[in-house]
file target-v8.csv (CSV, C-alpha atoms and all ligand atoms)
chain,number,residue,atom,x,y,z
O,29,MET,CA,1.4,19.1,-31.8
O,30,THR,CA,-0.8,17.2,-29.3
O,31,THR,CA,0.7,17.2,-25.9
O,32,LEU,CA,1.8,13.9,-24.4
O,33,ALA,CA,-0.5,14.5,-21.5
O,34,ALA,CA,-3.5,14.7,-23.8
O,35,LEU,CA,-2.4,11.5,-25.6
O,36,ALA,CA,-2.1,9.6,-22.3
O,37,ARG,CA,-5.0,7.8,-20.8
O,38,PRO,CA,-6.7,10.1,-18.3
O,39,GLU,CA,-6.0,7.7,-15.5
O,40,VAL,CA,-2.3,8.1,-16.0
O,41,GLU,CA,-2.4,11.9,-15.6
O,42,LYS,CA,-4.4,11.5,-12.3
O,43,GLN,CA,-2.3,8.6,-11.0
O,44,PRO,CA,-0.9,9.4,-7.5
O,45,VAL,CA,2.8,8.8,-7.1
O,46,TYR,CA,3.9,6.1,-4.7
O,47,GLU,CA,6.4,7.4,-2.2
O,48,PRO,CA,8.9,4.7,-1.3
O,49,GLY,CA,11.0,4.7,1.9
O,50,LYS,CA,14.0,7.0,1.4
O,51,PRO,CA,17.2,5.2,0.2
O,52,ILE,CA,20.2,5.4,2.5
O,53,GLU,CA,22.4,6.8,-0.3
O,54,ASP,CA,20.0,9.7,-0.9
O,55,VAL,CA,19.9,10.7,2.7
O,56,ALA,CA,23.7,10.5,3.0
O,57,ARG,CA,24.1,12.7,0.0
O,58,GLU,CA,21.5,15.3,1.0
O,59,LEU,CA,22.7,15.6,4.5
O,60,GLY,CA,26.4,15.0,4.1
O,61,LEU,CA,26.2,11.9,6.4
O,62,ASP,CA,28.3,8.8,6.3
O,63,VAL,CA,26.3,5.9,4.8
O,64,HIS,CA,27.6,3.6,7.5
O,65,HIS,CA,26.1,5.8,10.2
O,66,ILE,CA,22.6,5.7,8.7
O,67,VAL,CA,19.9,3.2,9.7
O,68,LYS,CA,16.9,2.7,7.5
O,69,LEU,CA,13.8,1.5,9.4
O,70,ALA,CA,11.4,2.8,6.8
O,71,SER,CA,10.4,0.0,4.4
O,72,ASN,CA,9.8,-3.0,6.6
O,73,GLU,CA,12.9,-4.7,5.3
O,74,ASN,CA,14.7,-7.5,7.2
O,75,PRO,CA,17.4,-6.0,9.5
O,76,PHE,CA,19.0,-9.4,9.7
O,77,GLY,CA,19.8,-9.5,6.0
O,78,GLY,CA,18.7,-12.0,3.4
O,79,SER,CA,18.2,-15.8,3.9
O,80,PRO,CA,21.7,-17.2,3.7
O,81,LEU,CA,20.5,-20.2,1.7
O,82,GLY,CA,18.6,-17.9,-0.7
O,83,LEU,CA,21.7,-15.6,-1.2
O,84,ALA,CA,24.0,-18.6,-1.9
O,85,ALA,CA,21.6,-19.9,-4.5
O,86,ALA,CA,21.4,-16.4,-6.1
O,87,GLN,CA,25.2,-16.4,-6.4
O,88,ARG,CA,25.2,-19.7,-8.1
O,89,ALA,CA,22.4,-18.7,-10.5
O,90,LEU,CA,24.4,-15.6,-11.5
O,91,ALA,CA,26.8,-17.9,-13.3
O,92,GLN,CA,24.1,-18.4,-16.0
O,93,ALA,CA,23.0,-14.8,-16.3
O,94,GLU,CA,23.3,-15.0,-20.1
O,95,LEU,CA,20.3,-17.3,-20.3
O,96,TYR,CA,16.6,-16.2,-20.1
O,97,PRO,CA,14.9,-17.3,-16.9
O,98,ASP,CA,12.3,-20.1,-16.8
O,99,GLY,CA,9.3,-18.0,-17.8
O,100,ASP,CA,6.9,-20.4,-16.1
O,101,CYS,CA,8.9,-20.6,-12.8
O,102,VAL,CA,8.5,-24.4,-12.9
O,103,ALA,CA,11.0,-25.3,-10.2
O,104,LEU,CA,9.7,-22.6,-7.8
O,105,ARG,CA,6.0,-23.5,-8.4
O,106,ALA,CA,6.9,-27.2,-7.7
O,107,ARG,CA,8.7,-26.1,-4.5
O,108,LEU,CA,5.8,-24.0,-3.4
O,109,ALA,CA,3.4,-26.8,-4.2
O,110,GLN,CA,5.3,-29.1,-1.9
O,111,HIS,CA,5.6,-26.3,0.8
O,112,TRP,CA,1.8,-25.7,0.7
O,113,GLY,CA,0.4,-29.1,-0.2
O,114,LEU,CA,-1.2,-27.5,-3.3
O,115,SER,CA,-0.8,-28.1,-7.0
O,116,PRO,CA,1.9,-26.2,-8.9
O,117,ARG,CA,-0.9,-24.8,-11.1
O,118,GLN,CA,-2.3,-23.0,-8.1
O,119,PHE,CA,0.5,-20.5,-8.1
O,120,VAL,CA,1.4,-17.3,-9.9
O,121,ILE,CA,4.8,-15.8,-9.4
O,122,GLY,CA,5.3,-12.0,-9.5
O,123,ASN,CA,8.0,-9.4,-9.6
O,124,GLY,CA,7.3,-8.8,-6.0
O,125,SER,CA,3.7,-9.4,-4.7
O,126,ASN,CA,3.0,-5.9,-5.9
O,127,GLU,CA,3.0,-7.1,-9.5
O,128,ILE,CA,0.3,-9.6,-8.6
O,129,ILE,CA,-1.9,-6.8,-7.3
O,130,GLU,CA,-1.5,-5.1,-10.7
O,131,LEU,CA,-2.2,-8.4,-12.5
O,132,LEU,CA,-5.5,-8.6,-10.6
O,133,GLY,CA,-6.3,-5.2,-12.0
O,134,HIS,CA,-5.4,-6.4,-15.6
O,135,VAL,CA,-7.7,-9.4,-15.3
O,136,PHE,CA,-10.7,-8.0,-13.4
O,137,LEU,CA,-11.0,-4.2,-13.5
O,138,ARG,CA,-12.9,-2.2,-16.0
O,139,ALA,CA,-13.7,1.6,-15.8
O,140,GLY,CA,-16.4,2.2,-13.3
O,141,ASP,CA,-15.9,-1.1,-11.3
O,142,GLU,CA,-15.5,-0.8,-7.6
O,143,VAL,CA,-12.7,-2.1,-5.3
O,144,VAL,CA,-13.3,-2.4,-1.6
O,145,MET,CA,-10.4,-1.7,0.8
O,146,GLY,CA,-9.7,-0.3,4.3
O,147,ASP,CA,-9.2,3.5,4.5
O,148,CYS,CA,-5.8,2.8,6.1
O,149,ALA,CA,-4.7,-0.1,4.0
O,150,PHE,CA,-1.6,-0.7,1.9
O,151,VAL,CA,-1.6,2.2,-0.7
O,152,VAL,CA,-0.9,0.1,-3.7
O,153,TYR,CA,-4.5,-1.3,-3.8
O,154,ARG,CA,-5.7,2.3,-4.3
O,155,LEU,CA,-3.1,3.0,-6.9
O,156,VAL,CA,-3.9,-0.1,-9.0
O,157,THR,CA,-7.6,0.6,-8.7
O,158,LEU,CA,-7.2,4.1,-10.0
O,159,LEU,CA,-4.8,3.1,-12.8
O,160,PHE,CA,-7.6,0.9,-14.3
O,161,GLY,CA,-10.2,3.6,-14.1
O,162,ALA,CA,-12.0,1.8,-11.3
O,163,LYS,CA,-13.3,3.3,-8.0
O,164,PRO,CA,-11.7,2.7,-4.6
O,165,VAL,CA,-14.4,2.2,-2.0
O,166,THR,CA,-12.6,2.9,1.3
O,167,VAL,CA,-14.1,1.5,4.5
O,168,PRO,CA,-13.1,3.1,7.8
O,169,MET,CA,-11.0,0.8,9.9
O,170,ARG,CA,-11.7,-0.1,13.4
O,171,LEU,CA,-10.2,1.6,16.4
O,172,ASP,CA,-7.7,-1.2,16.9
O,173,ARG,CA,-6.8,-0.5,13.3
O,174,ALA,CA,-7.7,-3.9,11.9
O,175,HIS,CA,-10.1,-4.0,9.0
O,176,ASP,CA,-13.8,-3.7,9.8
O,177,LEU,CA,-14.8,-6.9,7.9
O,178,ASP,CA,-18.5,-6.5,8.5
O,179,ALA,CA,-18.5,-3.0,7.1
O,180,MET,CA,-16.4,-4.2,4.2
O,181,ALA,CA,-18.9,-7.0,3.4
O,182,ALA,CA,-21.6,-4.4,3.5
O,183,ALA,CA,-19.8,-2.1,1.1
O,184,VAL,CA,-19.8,-4.7,-1.6
O,185,THR,CA,-22.2,-3.8,-4.5
O,186,PRO,CA,-23.0,-5.4,-7.8
O,187,ARG,CA,-20.1,-3.3,-9.3
O,188,THR,CA,-17.5,-4.6,-6.8
O,189,ARG,CA,-14.9,-6.8,-8.5
O,190,LEU,CA,-12.1,-6.9,-5.9
O,191,VAL,CA,-11.8,-6.8,-2.1
O,192,PHE,CA,-8.4,-6.3,-0.5
O,193,VAL,CA,-7.6,-7.3,3.1
O,194,ALA,CA,-4.1,-7.3,4.3
O,195,SER,CA,-3.5,-9.4,7.4
O,196,PRO,CA,-1.3,-8.2,9.1
O,197,ASN,CA,-2.1,-4.8,7.6
O,198,ASN,CA,0.4,-2.3,6.6
O,199,PRO,CA,0.8,0.3,8.1
O,200,THR,CA,-1.3,-0.5,11.2
O,201,GLY,CA,0.2,-3.9,12.0
O,202,ALA,CA,-3.1,-5.5,13.1
O,203,ALA,CA,-4.1,-9.0,11.9
O,204,HIS,CA,-7.3,-11.0,11.7
O,205,SER,CA,-7.5,-14.6,12.9
O,206,PRO,CA,-7.5,-17.3,10.1
O,207,ALA,CA,-11.1,-18.1,11.1
O,208,GLU,CA,-12.2,-14.5,10.8
O,209,LEU,CA,-10.8,-14.4,7.3
O,210,LEU,CA,-12.4,-17.6,6.2
O,211,ASP,CA,-15.8,-16.5,7.5
O,212,PHE,CA,-15.4,-13.2,5.7
O,213,ALA,CA,-14.6,-14.9,2.5
O,214,ARG,CA,-17.5,-17.3,2.8
O,215,ALA,CA,-19.9,-14.3,3.3
O,216,LEU,CA,-18.9,-12.5,0.1
O,217,PRO,CA,-21.0,-12.9,-3.0
O,218,GLY,CA,-19.7,-15.0,-6.0
O,219,HIS,CA,-19.0,-12.0,-8.2
O,220,VAL,CA,-16.1,-10.6,-6.2
O,221,VAL,CA,-12.5,-11.8,-5.8
O,222,LEU,CA,-11.1,-11.5,-2.3
O,223,CYS,CA,-7.4,-10.8,-2.2
O,224,VAL,CA,-5.8,-11.5,1.2
O,225,ASP,CA,-2.4,-9.9,1.3
O,226,GLU,CA,-0.3,-12.0,3.6
O,227,ALA,CA,3.0,-10.2,3.1
O,228,TYR,CA,3.8,-10.3,6.8
O,229,ALA,CA,2.2,-13.6,7.6
O,230,GLU,CA,5.5,-15.4,8.4
O,231,TYR,CA,6.0,-13.0,11.4
O,232,LEU,CA,3.0,-14.5,13.1
O,233,ASP,CA,2.8,-17.8,15.0
O,234,PRO,CA,2.2,-20.3,12.2
O,235,ALA,CA,-1.2,-21.2,13.8
O,236,ALA,CA,-2.3,-17.6,13.7
O,237,ALA,CA,-1.2,-16.9,10.1
O,238,PRO,CA,-3.8,-16.5,7.3
O,239,ASP,CA,-4.4,-19.6,5.3
O,240,LEU,CA,-6.9,-19.8,2.5
O,241,ARG,CA,-6.4,-23.5,1.7
O,242,PRO,CA,-9.8,-24.6,3.4
O,243,LEU,CA,-11.6,-22.2,0.9
O,244,LEU,CA,-9.6,-23.6,-2.0
O,245,ALA,CA,-10.6,-27.1,-1.0
O,246,GLU,CA,-14.2,-26.1,-0.7
O,247,GLY,CA,-14.1,-24.5,-4.2
O,248,ARG,CA,-12.7,-27.7,-5.6
O,249,ALA,CA,-15.5,-29.7,-4.0
O,250,GLY,CA,-18.0,-27.3,-5.8
O,251,ARG,CA,-19.3,-25.8,-2.6
O,252,ALA,CA,-20.1,-22.1,-2.3
O,253,GLY,CA,-17.6,-19.5,-1.3
O,254,GLY,CA,-16.2,-16.7,-3.3
O,255,HIS,CA,-13.0,-16.5,-5.3
O,256,VAL,CA,-9.9,-15.9,-3.3
O,257,ILE,CA,-6.2,-15.4,-3.7
O,258,GLY,CA,-3.6,-15.1,-1.0
O,259,LEU,CA,-0.4,-13.1,-1.6
O,260,ARG,CA,3.0,-13.9,-0.1
O,261,THR,CA,6.4,-12.3,-0.6
O,262,PHE,CA,10.0,-13.0,-0.3
O,263,SER,CA,10.7,-9.3,0.5
O,264,LYS,CA,10.0,-9.4,4.2
O,265,ILE,CA,11.0,-12.3,6.5
O,266,TYR,CA,13.1,-14.0,3.8
O,267,GLY,CA,15.0,-10.7,3.4
O,268,LEU,CA,15.1,-10.6,-0.4
O,269,ALA,CA,13.3,-7.3,-1.1
O,270,GLY,CA,15.9,-6.2,-3.6
O,271,LEU,CA,15.3,-9.3,-5.8
O,272,ARG,CA,11.6,-8.5,-6.2
O,273,ILE,CA,9.8,-11.8,-6.0
O,274,GLY,CA,6.4,-12.8,-4.5
O,275,TYR,CA,3.6,-15.1,-5.3
O,276,GLY,CA,-0.1,-15.7,-5.1
O,277,TYR,CA,-1.9,-19.0,-4.3
O,278,ALA,CA,-5.4,-19.5,-5.5
O,279,SER,CA,-7.6,-21.9,-7.5
O,280,GLU,CA,-6.1,-23.2,-10.7
O,281,ALA,CA,-8.6,-21.2,-12.7
O,282,LEU,CA,-7.7,-17.9,-11.0
O,283,ALA,CA,-3.9,-18.6,-11.2
O,284,ALA,CA,-4.4,-19.4,-14.9
O,285,LEU,CA,-6.0,-16.0,-15.6
O,286,LEU,CA,-3.3,-14.1,-13.8
O,287,ASN,CA,-0.6,-16.1,-15.6
O,288,ARG,CA,-2.2,-15.2,-18.9
O,289,VAL,CA,-1.7,-11.4,-18.4
O,290,ARG,CA,1.9,-11.3,-17.0
O,291,GLN,CA,4.9,-10.7,-19.1
O,292,PRO,CA,6.6,-13.9,-20.4
O,293,PHE,CA,9.8,-13.5,-18.2
O,294,ASN,CA,8.4,-11.3,-15.4
O,295,VAL,CA,10.6,-12.9,-12.7
O,296,ASN,CA,14.4,-13.2,-13.2
O,297,ALA,CA,16.4,-16.3,-12.8
O,298,ILE,CA,18.5,-15.1,-9.8
O,299,SER,CA,15.3,-14.4,-7.8
O,300,GLN,CA,13.7,-17.7,-8.7
O,301,ALA,CA,16.7,-19.6,-7.5
O,302,ALA,CA,17.0,-17.5,-4.3
O,303,ALA,CA,13.3,-18.0,-3.6
O,304,CYS,CA,13.4,-21.7,-4.0
O,305,ALA,CA,16.3,-22.0,-1.6
O,306,ALA,CA,14.9,-19.4,0.9
O,307,LEU,CA,11.7,-21.3,1.2
O,308,GLY,CA,13.7,-24.1,2.9
O,309,ASP,CA,15.6,-21.8,5.2
O,310,VAL,CA,13.5,-22.8,8.1
O,311,ASP,CA,16.2,-21.8,10.7
O,312,PHE,CA,16.6,-18.3,9.4
O,313,VAL,CA,12.9,-17.7,9.3
O,314,ALA,CA,12.4,-19.0,12.8
O,315,ARG,CA,15.3,-16.8,14.0
O,316,CYS,CA,13.9,-13.7,12.3
O,317,ARG,CA,10.4,-14.4,13.8
O,318,ARG,CA,11.9,-14.7,17.3
O,319,GLU,CA,14.1,-11.6,17.0
O,320,ASN,CA,11.2,-9.6,15.6
O,321,ALA,CA,9.0,-10.6,18.5
O,322,ALA,CA,11.8,-9.6,20.9
O,323,GLY,CA,12.2,-6.3,19.0
O,324,LEU,CA,8.5,-5.5,19.3
O,325,ARG,CA,8.6,-6.2,23.0
O,326,GLN,CA,11.7,-3.9,23.4
O,327,LEU,CA,10.1,-1.1,21.4
O,328,ALA,CA,6.8,-1.4,23.3
O,329,ALA,CA,8.6,-1.3,26.7
O,330,GLY,CA,10.7,1.7,25.6
O,331,LEU,CA,7.6,3.6,24.3
O,332,ASP,CA,5.6,2.7,27.4
O,333,ALA,CA,8.4,4.1,29.5
O,334,GLN,CA,8.3,7.3,27.5
O,335,ARG,CA,4.5,7.3,27.6
O,336,VAL,CA,4.3,7.4,23.9
O,337,GLU,CA,1.2,6.0,22.2
O,338,TYR,CA,1.6,3.2,19.5
O,339,ALA,CA,-0.6,0.8,17.7
O,340,PRO,CA,0.0,-2.7,18.9
O,341,SER,CA,1.5,-4.7,16.1
O,342,VAL,CA,2.1,-8.3,15.2
O,343,ALA,CA,4.2,-7.5,12.1
O,344,ASN,CA,7.7,-6.2,11.7
O,345,PHE,CA,6.8,-2.6,12.0
O,346,LEU,CA,4.7,-0.4,14.3
O,347,LEU,CA,2.9,2.9,14.1
O,348,ILE,CA,4.0,5.4,16.7
O,349,LYS,CA,2.3,8.7,17.6
O,350,VAL,CA,4.9,11.4,17.7
O,351,GLY,CA,2.8,14.5,17.3
O,352,ASP,CA,4.1,15.8,14.0
O,353,GLY,CA,5.1,12.8,11.8
O,354,ALA,CA,6.6,15.0,9.1
O,355,ARG,CA,8.8,16.9,11.5
O,356,CYS,CA,9.9,13.7,13.3
O,357,PHE,CA,10.8,12.1,10.0
O,358,GLN,CA,12.9,15.1,9.0
O,359,TRP,CA,14.6,15.4,12.3
O,360,MET,CA,15.3,11.7,12.6
O,361,GLN,CA,16.9,11.8,9.1
O,362,THR,CA,19.4,14.5,10.2
O,363,GLN,CA,20.4,12.0,13.0
O,364,GLY,CA,20.9,9.2,10.5
O,365,MET,CA,17.7,7.4,11.2
O,366,ILE,CA,15.2,6.9,8.3
O,367,VAL,CA,11.6,6.3,9.4
O,368,ARG,CA,8.4,6.5,7.4
O,369,PRO,CA,6.0,9.4,7.6
O,370,VAL,CA,2.4,8.2,7.1
O,371,ALA,CA,0.4,11.3,6.4
O,372,ALA,CA,-0.5,9.8,3.1
O,373,TYR,CA,-2.5,7.2,5.1
O,374,GLY,CA,-4.4,9.9,6.9
O,375,LEU,CA,-2.1,9.6,9.9
O,376,PRO,CA,-0.1,12.9,10.1
O,377,GLU,CA,0.6,12.6,13.8
O,378,TRP,CA,2.2,9.2,13.4
O,379,ILE,CA,5.3,7.6,11.9
O,380,ARG,CA,5.8,3.9,11.0
O,381,LEU,CA,9.0,2.3,12.3
O,382,THR,CA,10.3,-1.0,11.0
O,383,VAL,CA,11.5,-3.3,13.9
O,384,GLY,CA,15.3,-3.3,13.7
O,385,THR,CA,18.0,-5.1,15.5
O,386,ALA,CA,18.1,-4.6,19.3
O,387,GLU,CA,20.9,-2.0,18.8
O,388,GLN,CA,18.9,-0.1,16.1
O,389,ASN,CA,15.7,-0.2,18.2
O,390,ALA,CA,17.7,1.2,21.2
O,391,ARG,CA,19.1,3.9,19.0
O,392,PHE,CA,15.6,4.9,17.8
O,393,LEU,CA,14.2,5.0,21.3
O,394,GLY,CA,17.1,7.3,22.4
O,395,LEU,CA,16.5,9.6,19.4
O,396,LEU,CA,12.8,9.6,20.0
O,397,ALA,CA,13.3,10.8,23.6
O,398,GLU,CA,15.5,13.6,22.3
O,399,PHE,CA,13.0,14.5,19.6
O,400,LEU,CA,10.1,14.7,22.0
O,401,LYS,CA,12.1,17.1,24.2
O,402,SER,CA,12.9,19.4,21.2
S,501,LIG,C1,0.9,-5.2,2.8
S,501,LIG,C2,1.9,-5.3,1.7
S,501,LIG,N1,1.7,-5.9,0.6
S,501,LIG,C3,2.6,-6.1,-0.4
S,501,LIG,C4,3.8,-5.5,-0.3
S,501,LIG,C5,4.7,-5.6,-1.5
S,501,LIG,O1,5.7,-6.4,-1.3
S,501,LIG,P1,6.6,-6.9,-2.5
S,501,LIG,O2,8.0,-6.4,-2.2
S,501,LIG,O3,6.5,-8.4,-2.6
S,501,LIG,O4,6.1,-6.3,-3.8
S,501,LIG,C6,4.1,-4.7,0.8
S,501,LIG,C7,5.4,-4.1,0.9
S,501,LIG,O5,5.7,-3.2,1.7
S,501,LIG,C8,3.2,-4.6,1.8
S,501,LIG,O6,3.4,-3.9,2.9

call {"tool": "encode", "arguments": {"input": "target-v8.csv", "output": "structure tokens"}}
result
Amino acid sequence: MTTLAALARPEVEKQPVYEPGKPIEDVARELGLDVHHIVKLASNENPFGGSPLGLAAAQRALAQAELYPDGDCVALRARLAQHWGLSPRQFVIGNGSNEIIELLGHVFLRAGDEVVMGDCAFVVYRLVTLLFGAKPVTVPMRLDRAHDLDAMAAAVTPRTRLVFVASPNNPTGAAHSPAELLDFARALPGHVVLCVDEAYAEYLDPAAAPDLRPLLAEGRAGRAGGHVIGLRTFSKIYGLAGLRIGYGYASEALAALLNRVRQPFNVNAISQAAACAALGDVDFVARCRRENAAGLRQLAAGLDAQRVEYAPSVANFLLIKVGDGARCFQWMQTQGMIVRPVAAYGLPEWIRLTVGTAEQNARFLGLLAEFLKS
């Protein structure tokens, strides 16, 4: 009998496995620790919980769980249209923004196509590229660990279909100014689609957050400028990672293509209701942005005091140079602190830490001091 491996598409056999942050329950079971003692600062989740308005709406929506969700996410797209001042037809809603990255692959990637990305960018761009038989073209990132946009533009060839820029970038935490991103998009040729991944945008000062709307307006006016999509998520500042919902904003034409390749009911009803309400949870978002900025300052001061190197971040996480990232990850785990090793990003000496509550940050700093003495 033919083996399943021989039957599968060759890309599947070669597909690298995504390693998520370790769940609290797994660590508790493996190390015999009390789940309540464990802090997970490994997946850039919101330490202040989910948006209260979002969670209340999710509870209400549960009462109608027997019904299929609205496959077109009409209410959410209308709410987003209002929020952004765009048309509801300019949005695609995904099962997490991750799904939209995959939809981009479905629409645009054929075997042999090229996808340009930073060498220390969010790993899912690479996974999706490989899954569709396309070639990741990785561009070294600058010393401040933001993308080298000039080098990325220079890496575009006639085979390039997609270019990914995350701002702020995961795992480095660096961001580009809105103007830099607009200039970059305008410099790209018309045969590529630029995806600006804005998963952490709400942690920035609103004036510093990426915003592709000027490009979309130029496109509508028929002026030059490549194809662009911005990705946002409810997993980060809105605190709804477990519900899996994110969205893309783009031209109507690009959103229509992406909507054509998704599953009919790709986003469940509970998540749609939660996202609609969370979008209006202005106080919660403002509080989380403030607390996160304070947490970044607390961690920076603590790391400076210990003379530990870190990459300055504007997101809700930061890269910390601990010497041996894998050993630090293992040791921290035995102490009930889950952090993220980042050797897969070519950074074996570093770990990535999500900014926690003031108490969690203090606990991490105390543990780090102990680890560095060990
Ligand atoms: C840069 C970046 N993009 C996208 C995502 C995926 O987010 P979602 O939960 O919306 O799929 C993440 C999650 O960590 C991320 O770091």

call {"tool": "residues_near_ligand", "arguments": {"input": "target-v8.csv", "ligand": "ligand LIG 501 (chain S)", "cutoff": "10 Å", "atoms": "only C-alpha atoms and all ligand atoms", "output": "count of residues only"}}
result
52

call {"tool": "atom_distance", "arguments": {"input": "target-v8.csv", "atom1": "CA of Glu246 (chain O)", "atom2": "CA of Val184 (chain O)"}}
result
22.1 Å

call {"tool": "closest_residue", "arguments": {"input": "target-v8.csv", "among": "O:Leu81, O:Ala36, O:Met145, O:Cys316", "to": "Thr385 (chain O)", "atoms": "only C-alpha atoms"}}
result
O:Cys316

call {"tool": "closest_residue", "arguments": {"input": "target-v8.csv", "among": "O:Asp100, O:Glu337, O:Glu47, O:Glu94", "to": "Arg368 (chain O)", "atoms": "only C-alpha atoms"}}
result
O:Glu47

call {"tool": "closest_residue", "arguments": {"input": "target-v8.csv", "among": "O:Phe119, O:Ala162, O:His65, O:Ala386", "to": "Arg107 (chain O)", "atoms": "all atoms listed in the file"}}
result
O:Phe119

call {"tool": "closest_residue", "arguments": {"input": "target-v8.csv", "among": "O:Leu35, O:Val67, O:Ile265, O:Leu114", "to": "Leu381 (chain O)", "atoms": "all atoms listed in the file"}}
result
O:Val67

call {"tool": "closest_residue", "arguments": {"input": "target-v8.csv", "among": "O:Gln326, O:Thr185, O:Thr166, O:Gln87", "to": "Val220 (chain O)", "atoms": "only C-alpha atoms"}}
result
O:Thr185

call {"tool": "residues_near_point", "arguments": {"input": "target-v8.csv", "point": "(16.6, -19.0, -6.0)", "cutoff": "10 Å", "atoms": "all atoms listed in the file", "output": "number ranges by chain"}}
result
O: 81-89, 103-104, 271, 273, 296-307

call {"tool": "closest_residue", "arguments": {"input": "target-v8.csv", "among": "O:Tyr46, O:Leu69, O:Val313, O:Arg173", "to": "Phe392 (chain O)", "atoms": "all atoms listed in the file"}}
result
O:Leu69

call {"tool": "residues_near_point", "arguments": {"input": "target-v8.csv", "point": "(-9.8, -0.4, 12.4)", "cutoff": "10 Å", "atoms": "only C-alpha atoms", "output": "PyMOL selection string"}}
result
chain O and resi 146-149+167-177+200+202

call {"tool": "atom_distance", "arguments": {"input": "target-v8.csv", "atom1": "CA of Ala235 (chain O)", "atom2": "CA of Gly113 (chain O)"}}
result
16.2 Å

call {"tool": "atom_distance", "arguments": {"input": "target-v8.csv", "atom1": "CA of Val367 (chain O)", "atom2": "CA of Lys68 (chain O)"}}
result
6.7 Å

call {"tool": "residues_around", "arguments": {"input": "target-v8.csv", "residues": "His219 (chain O)", "least_positions_apart": "6", "cutoff": "9 Å", "atoms": "only C-alpha atoms", "output": "list in words"}}
result
Pro186, Arg187, Thr188, Arg189, Leu190, Gly254 and His255 of chain O

call {"tool": "write_last_selection", "arguments": {"input": "target-v8.csv", "atoms": "C-alpha atoms", "output": "PDB file, keeping the file's coordinate frame"}}
result
ATOM      1  CA  PRO O 186     -23.000  -5.400  -7.800  1.00  0.00           C
ATOM      2  CA  ARG O 187     -20.100  -3.300  -9.300  1.00  0.00           C
ATOM      3  CA  THR O 188     -17.500  -4.600  -6.800  1.00  0.00           C
ATOM      4  CA  ARG O 189     -14.900  -6.800  -8.500  1.00  0.00           C
ATOM      5  CA  LEU O 190     -12.100  -6.900  -5.900  1.00  0.00           C
ATOM      6  CA  GLY O 254     -16.200 -16.700  -3.300  1.00  0.00           C
ATOM      7  CA  HIS O 255     -13.000 -16.500  -5.300  1.00  0.00           C
TER       8      HIS O 255
END

call {"tool": "residues_around", "arguments": {"input": "target-v8.csv", "residues": "region 205-217 of chain O", "least_positions_apart": "2", "cutoff": "8 Å", "atoms": "all atoms listed in the file", "output": "list in words"}}
result
Leu177, Asp178, Ala181, Ala203, His219, Val220, Leu222, Ala236, Ala237, Pro238, Asp239, Leu240, Pro242, Leu243, Ala252, Gly253, Gly254 and Val256 of chain O

call {"tool": "decode", "arguments": {"input": "target-v8.csv", "residues": "region 309-317 of chain O", "atoms": "N, CA, C and O atoms", "output": "CSV table (one decimal), in the first residue's frame"}}
result
chain,number,residue,atom,x,y,z
O,309,ASP,N,-14.8,49.1,23.5
O,309,ASP,CA,-14.3,49.1,24.9
O,309,ASP,C,-13.1,50.0,25.0
O,309,ASP,O,-12.0,49.6,25.3
O,310,VAL,N,-13.4,51.3,24.8
O,310,VAL,CA,-12.3,52.3,24.7
O,310,VAL,C,-11.5,52.4,26.0
O,310,VAL,O,-10.3,52.5,26.0
O,311,ASP,N,-12.3,52.3,27.1
O,311,ASP,CA,-11.6,52.5,28.4
O,311,ASP,C,-10.6,51.3,28.7
O,311,ASP,O,-9.5,51.5,29.2
O,312,PHE,N,-11.1,50.1,28.4
O,312,PHE,CA,-10.3,48.9,28.6
O,312,PHE,C,-9.0,49.0,27.8
O,312,PHE,O,-7.9,48.8,28.2
O,313,VAL,N,-9.2,49.4,26.5
O,313,VAL,CA,-8.0,49.5,25.6
O,313,VAL,C,-7.0,50.5,26.1
O,313,VAL,O,-5.8,50.3,26.2
O,314,ALA,N,-7.6,51.7,26.5
O,314,ALA,CA,-6.7,52.8,27.0
O,314,ALA,C,-6.0,52.3,28.3
O,314,ALA,O,-4.8,52.6,28.4
O,315,ARG,N,-6.7,51.6,29.1
O,315,ARG,CA,-6.0,51.2,30.4
O,315,ARG,C,-4.9,50.1,30.1
O,315,ARG,O,-3.8,50.2,30.6
O,316,CYS,N,-5.2,49.2,29.2
O,316,CYS,CA,-4.2,48.2,28.9
O,316,CYS,C,-2.9,48.9,28.2
O,316,CYS,O,-1.8,48.5,28.5
O,317,ARG,N,-3.2,49.9,27.4
O,317,ARG,CA,-2.1,50.6,26.7
O,317,ARG,C,-1.2,51.2,27.8
O,317,ARG,O,0.0,51.1,27.8
